Amino acid sequence: MWTMSIFLPGSYSIDSYNQWYEVNGTRVYDDWYGTGLVATWKWLWALTGNYMCLYVAQTFAYWTFVTMFLWRVDIKNIGYWIGLGLGIFGCFIPQYVMRDSLCVLAWGIAAMLLVRASESEKHRRSLTMMGLILLAYGLWVRINMLAAFMPLVYIGILLLGGQRLAVWKRLALVAGACIVVFLGIHIVTYKIQKAYHAYPEYKLKLLDVTGISKLSGENLFPPEITSFHGFHLDTLMMKYTPAGVDDIYWPENGRPIWPYPNDSLNKSLTHAWVSAIRRHPFYYLENRLTGFIYYLHIKRRFPIGQYWNVVMFWIHPDGPLPAKLENSPLKDKLGKAYGAFDKTCLYDPWFWLLLNFIGLGIFGYRSFKRPGDLYWLTLACIQLSGVLFILSQALIYQHDRDFRYTYWNIFVVFLLIPGLYGKRQGAGVSPAP
């Protein structure tokens, strides 16, 4: 209640506003952000009639997750206070009404259910099924979590009795489960919710074709784009950076270089994109790797303080929500406190990826030393999920400026606490060393 009151009414960016238009304005779905968040918001809005309903639900889910992992650690243990400190630091995550927040909140609770299921013979099946449902829901909210989804499904299959199966059969079940969930989301999005195509992949292909064109010295764009009245290759090459094309795609002067997508434009760009990668595969990899290094903040293109690290109290006065921002001395101090970390590595994705690798090493080693112990394997798969998530972004990253893409990796680090300091639970299970 305290943190909820501090962050009221929550933070809402332009992306949040676009989702709200679908909830209470146009009432028509599109697939740019997916339909998971807007459907959830719409259901909560129907129940409460208050736009803050999703913010309140996210805050409640966040502290439920923190409580679940702290419950496993003795209050006298240093790990409890480390976990509580991480929990207080991370409370900026649920106050941002975005699909990134909603997805990781569902996944955090799901991960804790899987950990508990790994210890409980009696309730293993029910806890695992609840965890897998939450994971599928989170993937519906944010479909680009697919790579991170796979190790969590793998441990879910083991917990449901898959230990008796050969490894290749487990992997085949993981692949099948991913396909089923992916197709299910597709059916819900396009057949049931009748969402129209906004072509979010169009912008990613523009990044690749521009980068390959710049490295190769060839104009690899299709005629449908080069004939656009705003297109100018020299200007594009001068402005381009592999770290992201958002500034070019949505220019401040309102005069775009590229035409915005429709079905025929997207198809023609897809053909050009495939052709460019086939002709210059190493330039494609070079462009992507360079951009990924920016994404990790190993290399920077903005000064400290100009990255979107902690979004708080972001409410535009002309926005569609009836939100009213009221500043206070406490809010000002809180904003400065989070800003003080700008000079540290806490807002750098590489830092959280490193911690995920360390966690994977610790729990992977313990699982190797104790084959058949699902507890350590579950914790290792959770850490692997964080690693795969960031690595998979090398192919689909949006840009290097927004910290919200790293929320899941923070939650995965949170889950180190019950693993390193927690007490094993369940009858007949010896405490962790």
# chains A, B, ... in the order shown; residues from 1 in each chain; ligands from 1
call {"tool": "residues_around", "arguments": {"residues": "Pro242 (chain A)", "least_positions_apart": "3", "cutoff": "9 Å", "atoms": "only C-alpha atoms", "output": "PDB file with N, CA and C atoms, in the first residue's frame"}}
result
ATOM      1  N   LEU A 207      16.026  -1.879 -40.245  1.00  0.00           N
ATOM      2  CA  LEU A 207      17.330  -1.757 -39.580  1.00  0.00           C
ATOM      3  C   LEU A 207      18.363  -2.633 -40.275  1.00  0.00           C
ATOM      4  N   ASP A 208      17.989  -3.878 -40.571  1.00  0.00           N
ATOM      5  CA  ASP A 208      18.940  -4.801 -41.195  1.00  0.00           C
ATOM      6  C   ASP A 208      19.307  -4.372 -42.614  1.00  0.00           C
ATOM      7  N   THR A 210      19.128  -1.429 -43.971  1.00  0.00           N
ATOM      8  CA  THR A 210      19.923  -0.199 -43.933  1.00  0.00           C
ATOM      9  C   THR A 210      21.361  -0.498 -43.542  1.00  0.00           C
ATOM     10  N   GLY A 211      21.540  -1.316 -42.514  1.00  0.00           N
ATOM     11  CA  GLY A 211      22.896  -1.640 -42.068  1.00  0.00           C
ATOM     12  C   GLY A 211      23.695  -2.375 -43.117  1.00  0.00           C
ATOM     13  N   VAL A 245      16.718   2.232 -34.992  1.00  0.00           N
ATOM     14  CA  VAL A 245      16.271   3.182 -36.015  1.00  0.00           C
ATOM     15  C   VAL A 245      15.019   3.933 -35.590  1.00  0.00           C
ATOM     16  N   ASN A 287      26.420  -6.141 -38.520  1.00  0.00           N
ATOM     17  CA  ASN A 287      25.491  -5.073 -38.159  1.00  0.00           C
ATOM     18  C   ASN A 287      24.724  -5.416 -36.894  1.00  0.00           C
ATOM     19  N   ARG A 288      24.239  -6.646 -36.827  1.00  0.00           N
ATOM     20  CA  ARG A 288      23.480  -7.092 -35.658  1.00  0.00           C
ATOM     21  C   ARG A 288      24.355  -7.127 -34.402  1.00  0.00           C
ATOM     22  N   LEU A 289      25.573  -7.649 -34.520  1.00  0.00           N
ATOM     23  CA  LEU A 289      26.457  -7.750 -33.364  1.00  0.00           C
ATOM     24  C   LEU A 289      26.840  -6.367 -32.854  1.00  0.00           C
ATOM     25  N   THR A 290      27.117  -5.449 -33.764  1.00  0.00           N
ATOM     26  CA  THR A 290      27.452  -4.086 -33.358  1.00  0.00           C
ATOM     27  C   THR A 290      26.284  -3.447 -32.602  1.00  0.00           C
ATOM     28  N   GLY A 291      25.078  -3.613 -33.154  1.00  0.00           N
ATOM     29  CA  GLY A 291      23.908  -3.075 -32.473  1.00  0.00           C
ATOM     30  C   GLY A 291      23.669  -3.730 -31.130  1.00  0.00           C
ATOM     31  N   PHE A 292      23.934  -5.029 -31.028  1.00  0.00           N
ATOM     32  CA  PHE A 292      23.736  -5.752 -29.771  1.00  0.00           C
ATOM     33  C   PHE A 292      24.711  -5.270 -28.697  1.00  0.00           C
ATOM     34  N   TYR A 294      25.732  -2.242 -28.426  1.00  0.00           N
ATOM     35  CA  TYR A 294      25.078  -1.032 -27.932  1.00  0.00           C
ATOM     36  C   TYR A 294      23.926  -1.394 -26.994  1.00  0.00           C
ATOM     37  N   HIS A 399      15.930  -1.095 -29.680  1.00  0.00           N
ATOM     38  CA  HIS A 399      16.940  -0.040 -29.616  1.00  0.00           C
ATOM     39  C   HIS A 399      17.682  -0.189 -28.295  1.00  0.00           C
TER      40      HIS A 399
END
call {"tool": "residues_around", "arguments": {"residues": "region 44-46 of chain A", "least_positions_apart": "4", "cutoff": "12 Å", "atoms": "only C-alpha atoms", "output": "MDAnalysis selection string"}}
result
chainID A and resid 20 22:24 37:40 50:58
call {"tool": "closest_residue", "arguments": {"among": "A:Trp376, A:Pro371, A:Leu354, A:Glu201", "to": "Gly422 (chain A)", "atoms": "only C-alpha atoms"}}
result
A:Trp376
call {"tool": "closest_residue", "arguments": {"among": "A:Phe363, A:Phe313, A:Phe368, A:Tyr202", "to": "Cys381 (chain A)", "atoms": "only C-alpha atoms"}}
result
A:Phe363
call {"tool": "closest_residue", "arguments": {"among": "A:Asn219, A:Thr26, A:Thr67, A:Gln398", "to": "Tyr249 (chain A)", "atoms": "only C-alpha atoms"}}
result
A:Gln398
call {"tool": "select_by_dssp", "arguments": {"residues": "region 10-217 of chain A", "states": "strand (DSSP E or B)", "output": "list in words"}}
result
Ser11, Asp30, Tyr96 and Tyr196 of chain A
call {"tool": "write_last_selection", "arguments": {"atoms": "N, CA and C atoms", "output": "mmCIF file, in the first residue's frame"}}
result
data_model
loop_
_atom_site.group_PDB
_atom_site.id
_atom_site.type_symbol
_atom_site.label_atom_id
_atom_site.label_comp_id
_atom_site.auth_asym_id
_atom_site.auth_seq_id
_atom_site.Cartn_x
_atom_site.Cartn_y
_atom_site.Cartn_z
ATOM 1 N N SER A 11 2.785 5.104 -14.069
ATOM 2 C CA SER A 11 3.448 5.819 -15.163
ATOM 3 C C SER A 11 2.940 5.298 -16.503
ATOM 4 N N ASP A 30 -4.762 -4.191 -32.410
ATOM 5 C CA ASP A 30 -3.733 -4.374 -33.430
ATOM 6 C C ASP A 30 -2.621 -5.207 -32.830
ATOM 7 N N TYR A 96 5.155 0.982 -13.876
ATOM 8 C CA TYR A 96 5.155 1.343 -15.285
ATOM 9 C C TYR A 96 4.163 0.443 -16.006
ATOM 10 N N TYR A 196 -5.863 -6.397 -36.284
ATOM 11 C CA TYR A 196 -5.346 -6.121 -37.620
ATOM 12 C C TYR A 196 -3.824 -6.036 -37.579
#
call {"tool": "select_by_dssp", "arguments": {"residues": "region 14-219 of chain A", "states": "alpha helix (DSSP H)", "output": "ChimeraX atom specification"}}
result
/A:14-20,36-48,53-70,78-89,99-117,124-141,146-159,167-186,201-216
call {"tool": "closest_residue", "arguments": {"among": "A:Tyr307, A:Met98, A:Arg366, A:Trp314", "to": "Phe341 (chain A)", "atoms": "only C-alpha atoms"}}
result
A:Tyr307
call {"tool": "closest_residue", "arguments": {"among": "A:Ile417, A:Ile225, A:Leu384, A:Leu355", "to": "Asp74 (chain A)", "atoms": "only C-alpha atoms"}}
result
A:Ile417
call {"tool": "residues_around", "arguments": {"residues": "His297 (chain A)", "least_positions_apart": "5", "cutoff": "9 Å", "atoms": "only C-alpha atoms", "output": "ChimeraX atom specification"}}
result
/A:292,347-350,400-401
call {"tool": "write_last_selection", "arguments": {"atoms": "C-alpha atoms", "output": "compact mmCIF listing (two decimals), in the first residue's frame"}}
result
# COMPACT_ATOMS: atom_id res chain seq x y z
CA PHE A 292 23.74 -5.75 -29.77
CA TYR A 347 20.99 -0.08 -15.60
CA ASP A 348 23.28 -1.91 -18.03
CA PRO A 349 21.90 -5.15 -19.52
CA TRP A 350 25.39 -6.71 -19.64
CA ASP A 400 19.57 0.45 -26.93
CA ARG A 401 17.93 3.13 -24.83
call {"tool": "residues_around", "arguments": {"residues": "Trp352 (chain A)", "least_positions_apart": "6", "cutoff": "9 Å", "atoms": "only C-alpha atoms", "output": "list in words"}}
result
Cys345, Leu346, Gly386, Thr406, Asn409, Ile410, Val412 and Val413 of chain A
call {"tool": "residues_around", "arguments": {"residues": "Leu420 (chain A)", "least_positions_apart": "4", "cutoff": "10 Å", "atoms": "only C-alpha atoms", "output": "PDB file with N, CA and C atoms, in the first residue's frame"}}
result
ATOM      1  N   VAL A  73      13.277 -17.670   2.966  1.00  0.00           N
ATOM      2  CA  VAL A  73      14.558 -17.318   3.581  1.00  0.00           C
ATOM      3  C   VAL A  73      14.319 -16.883   5.022  1.00  0.00           C
ATOM      4  N   GLY A  79      20.669 -13.172   3.436  1.00  0.00           N
ATOM      5  CA  GLY A  79      19.993 -13.265   2.147  1.00  0.00           C
ATOM      6  C   GLY A  79      18.612 -12.632   2.166  1.00  0.00           C
ATOM      7  N   GLY A 359      24.637 -17.212 -11.941  1.00  0.00           N
ATOM      8  CA  GLY A 359      23.604 -18.054 -11.347  1.00  0.00           C
ATOM      9  C   GLY A 359      23.465 -19.379 -12.067  1.00  0.00           C
ATOM     10  N   ILE A 362      26.333 -21.601 -10.963  1.00  0.00           N
ATOM     11  CA  ILE A 362      26.184 -22.121  -9.593  1.00  0.00           C
ATOM     12  C   ILE A 362      25.166 -23.251  -9.551  1.00  0.00           C
ATOM     13  N   PHE A 363      23.978 -22.991 -10.074  1.00  0.00           N
ATOM     14  CA  PHE A 363      22.917 -23.987  -9.968  1.00  0.00           C
ATOM     15  C   PHE A 363      23.118 -25.134 -10.951  1.00  0.00           C
ATOM     16  N   LEU A 379      16.123 -24.300 -10.647  1.00  0.00           N
ATOM     17  CA  LEU A 379      16.792 -23.011 -10.461  1.00  0.00           C
ATOM     18  C   LEU A 379      17.756 -22.731 -11.617  1.00  0.00           C
ATOM     19  N   LEU A 415      15.670 -14.300  -8.154  1.00  0.00           N
ATOM     20  CA  LEU A 415      15.463 -15.710  -7.839  1.00  0.00           C
ATOM     21  C   LEU A 415      16.748 -16.436  -7.446  1.00  0.00           C
ATOM     22  N   LEU A 416      17.871 -15.725  -7.517  1.00  0.00           N
ATOM     23  CA  LEU A 416      19.090 -16.275  -6.909  1.00  0.00           C
ATOM     24  C   LEU A 416      18.958 -16.369  -5.396  1.00  0.00           C
ATOM     25  N   ALA A 432      19.375 -27.234   1.884  1.00  0.00           N
ATOM     26  CA  ALA A 432      20.466 -26.904   0.964  1.00  0.00           C
ATOM     27  C   ALA A 432      21.686 -26.482   1.761  1.00  0.00           C
ATOM     28  N   PRO A 433      22.892 -26.825   1.296  1.00  0.00           N
ATOM     29  CA  PRO A 433      24.091 -26.429   2.017  1.00  0.00           C
ATOM     30  C   PRO A 433      24.320 -24.922   1.873  1.00  0.00           C
TER      31      PRO A 433
END
call {"tool": "residues_around", "arguments": {"residues": "Phe389 (chain A)", "least_positions_apart": "5", "cutoff": "7 Å", "atoms": "only C-alpha atoms", "output": "count of residues only"}}
result
3
call {"tool": "residues_around", "arguments": {"residues": "region 167-184 of chain A", "least_positions_apart": "4", "cutoff": "7 Å", "atoms": "only C-alpha atoms", "output": "list in words"}}
result
Ala136, Met150, Val153, Tyr154, Gly162 and Val188 of chain A
call {"tool": "write_last_selection", "arguments": {"atoms": "C-alpha atoms", "output": "PDB file, in the first residue's frame"}}
result
ATOM      1  CA  ALA A 136       1.772 -19.005 -21.483  1.00  0.00           C
ATOM      2  CA  MET A 150      11.789 -22.827 -23.619  1.00  0.00           C
ATOM      3  CA  VAL A 153       8.729 -25.349 -20.337  1.00  0.00           C
ATOM      4  CA  TYR A 154      11.490 -27.966 -20.203  1.00  0.00           C
ATOM      5  CA  GLY A 162       9.111 -36.274 -18.051  1.00  0.00           C
ATOM      6  CA  VAL A 188      -6.624 -15.679 -30.155  1.00  0.00           C
TER       7      VAL A 188
END
call {"tool": "closest_residue", "arguments": {"among": "A:Gly138, A:Pro256, A:Pro9, A:Gly305", "to": "Val97 (chain A)", "atoms": "only C-alpha atoms"}}
result
A:Pro9
call {"tool": "atom_distance", "arguments": {"atom1": "CA of Leu330 (chain A)", "atom2": "CA of Arg404 (chain A)"}}
result
23.4 Å
call {"tool": "atom_distance", "arguments": {"atom1": "CA of Leu374 (chain A)", "atom2": "CA of Ile155 (chain A)"}}
result
8.2 Å
call {"tool": "atom_distance", "arguments": {"atom1": "CA of Tyr295 (chain A)", "atom2": "CA of Trp107 (chain A)"}}
result
22.8 Å
